Every structure is written in C-alpha cells, then in structure tokens.
file coords_38.pdb (PDB, C-alpha atoms)
ATOM      1  CA  GLU A   1      25.387   9.113 -13.550
ATOM      2  CA  TRP A   2      24.941  12.544 -12.002
ATOM      3  CA  ASN A   3      27.242  14.628  -9.842
ATOM      4  CA  SER A   4      24.570  16.836  -8.272
ATOM      5  CA  LEU A   5      20.792  17.282  -8.130
ATOM      6  CA  ALA A   6      21.126  20.028 -10.734
ATOM      7  CA  ASP A   7      22.352  17.400 -13.227
ATOM      8  CA  ILE A   8      19.193  15.288 -12.935
ATOM      9  CA  PRO A   9      16.425  16.123 -15.436
ATOM     10  CA  ILE A  10      13.285  17.571 -13.808
ATOM     11  CA  GLU A  11      11.152  14.769 -15.296
ATOM     12  CA  THR A  12      13.346  12.146 -13.617
ATOM     13  CA  LEU A  13      13.220  13.930 -10.259
ATOM     14  CA  ALA A  14       9.439  14.260 -10.491
ATOM     15  CA  ALA A  15       9.042  10.547 -11.292
ATOM     16  CA  VAL A  16      11.275   9.473  -8.395
ATOM     17  CA  LEU A  17       9.629  11.818  -5.878
ATOM     18  CA  SER A  18       6.094  10.831  -6.901
ATOM     19  CA  TYR A  19       7.100   7.173  -6.399
ATOM     20  CA  HIS A  20       7.562   7.992  -2.692
ATOM     21  CA  VAL A  21       3.935   9.069  -2.126
ATOM     22  CA  VAL A  22       1.018   6.645  -1.686
ATOM     23  CA  ALA A  23      -1.732   7.869  -4.004
ATOM     24  CA  THR A  24      -4.907   7.422  -2.016
ATOM     25  CA  ASP A  25      -4.305   6.748   1.644
ATOM     26  CA  ASN A  26      -2.963   8.274   4.851
ATOM     27  CA  LEU A  27      -1.511   5.010   6.181
ATOM     28  CA  VAL A  28       0.185   4.143   9.442
ATOM     29  CA  SER A  29       2.236   0.959   9.525
ATOM     30  CA  GLY A  30      -0.410  -0.860  11.598
ATOM     31  CA  ASP A  31      -2.864  -0.435   8.700
ATOM     32  CA  LEU A  32      -0.642  -2.407   6.312
ATOM     33  CA  ASP A  33      -1.228  -6.040   5.381
ATOM     34  CA  ASP A  34       1.439  -8.511   4.276
ATOM     35  CA  LYS A  35       1.588  -8.764   0.463
ATOM     36  CA  GLN A  36      -0.588  -5.647   0.131
ATOM     37  CA  THR A  37      -0.006  -3.660  -3.062
ATOM     38  CA  LEU A  38       0.187   0.105  -2.687
ATOM     39  CA  VAL A  39      -0.403   2.385  -5.676
ATOM     40  CA  MET A  40       2.012   5.282  -5.674
ATOM     41  CA  PHE A  41       1.186   8.851  -6.752
ATOM     42  CA  GLY A  42       3.340   8.467  -9.871
ATOM     43  CA  GLY A  43       1.353   5.415 -10.965
ATOM     44  CA  GLY A  44       3.758   2.649  -9.989
ATOM     45  CA  THR A  45       3.212   0.105  -7.244
ATOM     46  CA  VAL A  46       5.081  -1.364  -4.280
ATOM     47  CA  GLU A  47       4.317  -4.565  -2.405
ATOM     48  CA  VAL A  48       4.396  -4.622   1.391
ATOM     49  CA  ASN A  49       6.329  -7.422   3.102
ATOM     50  CA  LEU A  50       5.834  -7.684   6.864
ATOM     51  CA  SER A  51       7.892 -10.816   7.592
ATOM     52  CA  ASN A  52      10.910  -8.818   8.859
ATOM     53  CA  GLY A  53       9.737  -5.334   9.796
ATOM     54  CA  VAL A  54       8.155  -3.295   7.010
ATOM     55  CA  VAL A  55       9.861  -3.853   3.656
ATOM     56  CA  LEU A  56       8.619  -2.374   0.387
ATOM     57  CA  ALA A  57       9.321  -4.322  -2.805
ATOM     58  CA  THR A  58       9.434  -1.894  -5.727
ATOM     59  CA  SER A  59       8.492  -2.616  -9.317
ATOM     60  CA  SER A  60      12.188  -2.152 -10.222
ATOM     61  CA  GLY A  61      13.184  -5.030  -7.913
ATOM     62  CA  GLN A  62      14.424  -3.103  -4.870
ATOM     63  CA  ASN A  63      13.702  -4.106  -1.279
ATOM     64  CA  VAL A  64      13.423  -0.903   0.748
ATOM     65  CA  ASN A  65      13.240  -0.964   4.553
ATOM     66  CA  VAL A  66      10.995   1.404   6.480
ATOM     67  CA  ILE A  67      13.384   2.581   9.199
ATOM     68  CA  ILE A  68      11.254   5.243  10.945
ATOM     69  CA  PRO A  69       7.493   4.657  10.609
ATOM     70  CA  ASN A  70       4.444   6.726  11.467
ATOM     71  CA  VAL A  71       5.656  10.321  11.633
ATOM     72  CA  GLN A  72       2.401  12.272  11.469
ATOM     73  CA  GLY A  73       2.642  15.395   9.325
ATOM     74  CA  THR A  74       0.003  18.043   8.717
ATOM     75  CA  ASN A  75      -1.134  16.483   5.447
ATOM     76  CA  GLY A  76      -0.061  12.855   5.725
ATOM     77  CA  VAL A  77       2.093  10.252   7.432
ATOM     78  CA  ILE A  78       5.819  10.045   6.757
ATOM     79  CA  HIS A  79       7.702   6.749   6.803
ATOM     80  CA  ALA A  80      11.478   7.137   6.447
ATOM     81  CA  VAL A  81      13.087   4.540   4.174
ATOM     82  CA  ASP A  82      16.701   3.427   3.887
ATOM     83  CA  LYS A  83      17.162   4.179   0.182
ATOM     84  CA  VAL A  84      15.706   6.099  -2.716
ATOM     85  CA  MET A  85      12.969   4.051  -4.370
ATOM     86  CA  LEU A  86      13.275   3.932  -8.147
ATOM     87  CA  PRO A  87      10.153   3.469 -10.257
TER      88      PRO A  87
END
call {"tool": "encode", "arguments": {"input": "coords_38.pdb", "output": "structure tokens"}}
result
Amino acid sequence: EWNSLADIPIETLAAVLSYHVVATDNLVSGDLDDKQTLVMFGGGTVEVNLSNGVVLATSSGQNVNVIIPNVQGTNGVIHAVDKVMLP
C-alpha cells in the first residue's frame, strides 16, 4: 500500500497508465460493440459490456463504468471511468 504517488514505483505507474489507453483506435462510445475486446497500449485487454451503459471488464476482474464518454481531445477521445483500471 502506498501513501502518495511518490511511493509508487515508476514501472507500476507506467503499467497502470498505459492500461487506460486503447492501442490502435480513436473510439467514440457509439463505435463499440457488446463483448468487443479492446487491446490496451500496455498490452492488456478489456471487454466491452453494453447491457447497462458502457462497462469495461478488465483482465484483473474489475468492472469499470464509463461515466463521461466521448470527450474529444486533440489527439484522441477521452472516456472518464469511475475507478483506476488495474492490469
């Protein structure tokens, strides 16, 4: 357990952050299909579940809700989630 960001090893931070970036696509929520697997920049995957909003099932067993979808940035689309996704 860590008390601050400074306590977390750089390798761990890099792995967690890269698990929040889809590797190949600039996706809006309307482009997603139910049960679609997305490959993340860090190499892991998440599965899309569309039965109750947009929920991402992580490879570590988390269900993460997309709470603010489709925020267009200059180099991609941002989808705010309700928790940190762990690879």
call {"tool": "residues_around", "arguments": {"input": "coords_38.pdb", "residues": "range 20-24 of chain A", "least_positions_apart": "6", "cutoff": "7 Å", "atoms": "all atoms listed in the file", "output": "VMD selection string"}}
result
chain A and resid 38 to 41 85
call {"tool": "residues_around", "arguments": {"input": "coords_38.pdb", "residues": "Leu56 in chain A", "least_positions_apart": "5", "cutoff": "9 Å", "atoms": "all atoms listed in the file", "output": "ChimeraX atom specification"}}
result
/A:46-50,62-66
call {"tool": "residues_around", "arguments": {"input": "coords_38.pdb", "residues": "Pro87 in chain A", "least_positions_apart": "2", "cutoff": "8 Å", "atoms": "only C-alpha atoms", "output": "mmCIF file with C-alpha atoms, in the frame of the given file"}}
result
data_model
loop_
_atom_site.group_PDB
_atom_site.id
_atom_site.type_symbol
_atom_site.label_atom_id
_atom_site.label_comp_id
_atom_site.auth_asym_id
_atom_site.auth_seq_id
_atom_site.Cartn_x
_atom_site.Cartn_y
_atom_site.Cartn_z
ATOM 1 C CA ALA A 15 9.042 10.547 -11.292
ATOM 2 C CA VAL A 16 11.275 9.473 -8.395
ATOM 3 C CA TYR A 19 7.100 7.173 -6.399
ATOM 4 C CA GLY A 44 3.758 2.649 -9.989
ATOM 5 C CA THR A 58 9.434 -1.894 -5.727
ATOM 6 C CA SER A 59 8.492 -2.616 -9.317
ATOM 7 C CA SER A 60 12.188 -2.152 -10.222
ATOM 8 C CA MET A 85 12.969 4.051 -4.370
#
call {"tool": "resolve_selection", "arguments": {"input": "coords_38.pdb", "expression": "the PyMOL selection byres ((chain A and resi 68) around 9)", "output": "list in words"}}
result
Val66, Ile67, Pro69, Asn70, Val71, Ile78, His79, Ala80 and Val81 of chain A
call {"tool": "write_last_selection", "arguments": {"input": "coords_38.pdb", "atoms": "C-alpha atoms", "output": "mmCIF file, keeping the file's coordinate frame"}}
result
data_model
loop_
_atom_site.group_PDB
_atom_site.id
_atom_site.type_symbol
_atom_site.label_atom_id
_atom_site.label_comp_id
_atom_site.auth_asym_id
_atom_site.auth_seq_id
_atom_site.Cartn_x
_atom_site.Cartn_y
_atom_site.Cartn_z
ATOM 1 C CA VAL A 66 10.995 1.404 6.480
ATOM 2 C CA ILE A 67 13.384 2.581 9.199
ATOM 3 C CA PRO A 69 7.493 4.657 10.609
ATOM 4 C CA ASN A 70 4.444 6.726 11.467
ATOM 5 C CA VAL A 71 5.656 10.321 11.633
ATOM 6 C CA ILE A 78 5.819 10.045 6.757
ATOM 7 C CA HIS A 79 7.702 6.749 6.803
ATOM 8 C CA ALA A 80 11.478 7.137 6.447
ATOM 9 C CA VAL A 81 13.087 4.540 4.174
#
call {"tool": "residues_around", "arguments": {"input": "coords_38.pdb", "residues": "Leu27 in chain A", "least_positions_apart": "2", "cutoff": "9 Å", "atoms": "all atoms listed in the file", "output": "PyMOL selection string"}}
result
chain A and resi 22+25+29-32+70+76-78
call {"tool": "atom_distance", "arguments": {"input": "coords_38.pdb", "atom1": "CA of Glu11 in chain A", "atom2": "CA of Val84 in chain A"}}
result
15.9 Å
call {"tool": "closest_residue", "arguments": {"input": "coords_38.pdb", "among": "A:Thr37, A:Val54, A:Leu86, A:Gly61", "to": "Ser18 in chain A", "atoms": "only C-alpha atoms"}}
result
A:Leu86
call {"tool": "atom_distance", "arguments": {"input": "coords_38.pdb", "atom1": "CA of Gly53 in chain A", "atom2": "CA of Gly73 in chain A"}}
result
21.9 Å
call {"tool": "closest_residue", "arguments": {"input": "coords_38.pdb", "among": "A:Asn26, A:Thr45, A:Leu5, A:Asp33", "to": "Gln72 in chain A", "atoms": "all atoms listed in the file"}}
result
A:Asn26
call {"tool": "atom_distance", "arguments": {"input": "coords_38.pdb", "atom1": "CA of Pro9 in chain A", "atom2": "CA of Gly43 in chain A"}}
result
19.0 Å
call {"tool": "closest_residue", "arguments": {"input": "coords_38.pdb", "among": "A:Trp2, A:Ile10, A:Leu17, A:Ala57", "to": "Gln36 in chain A", "atoms": "only C-alpha atoms"}}
result
A:Ala57
call {"tool": "axis_aligned_box", "arguments": {"input": "coords_38.pdb", "around": "range 63-81 of chain A", "padding_each_side": "8 Å", "output": "lines of an AutoDock Vina configuration file"}}
result
center_x = 6.3
center_y = 7.0
center_z = 5.2
size_x = 30.8
size_y = 38.1
size_z = 28.9
call {"tool": "build_atoms", "arguments": {"input": "coords_38.pdb", "residues": "range 54-66 of chain A", "atoms": "N, CA and C atoms", "output": "compact mmCIF listing (two decimals), keeping the file's coordinate frame"}}
result
# COMPACT_ATOMS: atom_id res chain seq x y z
N VAL A 54 8.92 -3.72 8.19
CA VAL A 54 8.15 -3.30 7.01
C VAL A 54 9.15 -3.10 5.88
N VAL A 55 9.00 -3.92 4.83
CA VAL A 55 9.86 -3.85 3.66
C VAL A 55 8.97 -3.62 2.45
N LEU A 56 9.36 -2.68 1.60
CA LEU A 56 8.62 -2.37 0.39
C LEU A 56 9.38 -2.92 -0.81
N ALA A 57 8.73 -3.78 -1.59
CA ALA A 57 9.32 -4.32 -2.80
C ALA A 57 8.85 -3.47 -3.97
N THR A 58 9.79 -2.80 -4.64
CA THR A 58 9.43 -1.89 -5.73
C THR A 58 9.29 -2.65 -7.04
N SER A 59 8.66 -2.00 -8.00
CA SER A 59 8.49 -2.62 -9.32
C SER A 59 9.82 -2.74 -10.05
N SER A 60 10.86 -2.03 -9.60
CA SER A 60 12.19 -2.15 -10.22
C SER A 60 13.06 -3.20 -9.53
N GLY A 61 12.47 -3.93 -8.55
CA GLY A 61 13.18 -5.03 -7.91
C GLY A 61 13.94 -4.69 -6.64
N GLN A 62 13.77 -3.48 -6.12
CA GLN A 62 14.42 -3.10 -4.87
C GLN A 62 13.63 -3.61 -3.67
N ASN A 63 14.33 -3.88 -2.58
CA ASN A 63 13.70 -4.11 -1.28
C ASN A 63 14.13 -2.95 -0.39
N VAL A 64 13.16 -2.14 0.01
CA VAL A 64 13.42 -0.90 0.75
C VAL A 64 12.84 -1.04 2.15
N ASN A 65 13.67 -0.84 3.16
CA ASN A 65 13.24 -0.96 4.55
C ASN A 65 12.66 0.35 5.07
N VAL A 66 11.53 0.25 5.75
CA VAL A 66 11.00 1.40 6.48
C VAL A 66 11.75 1.44 7.80
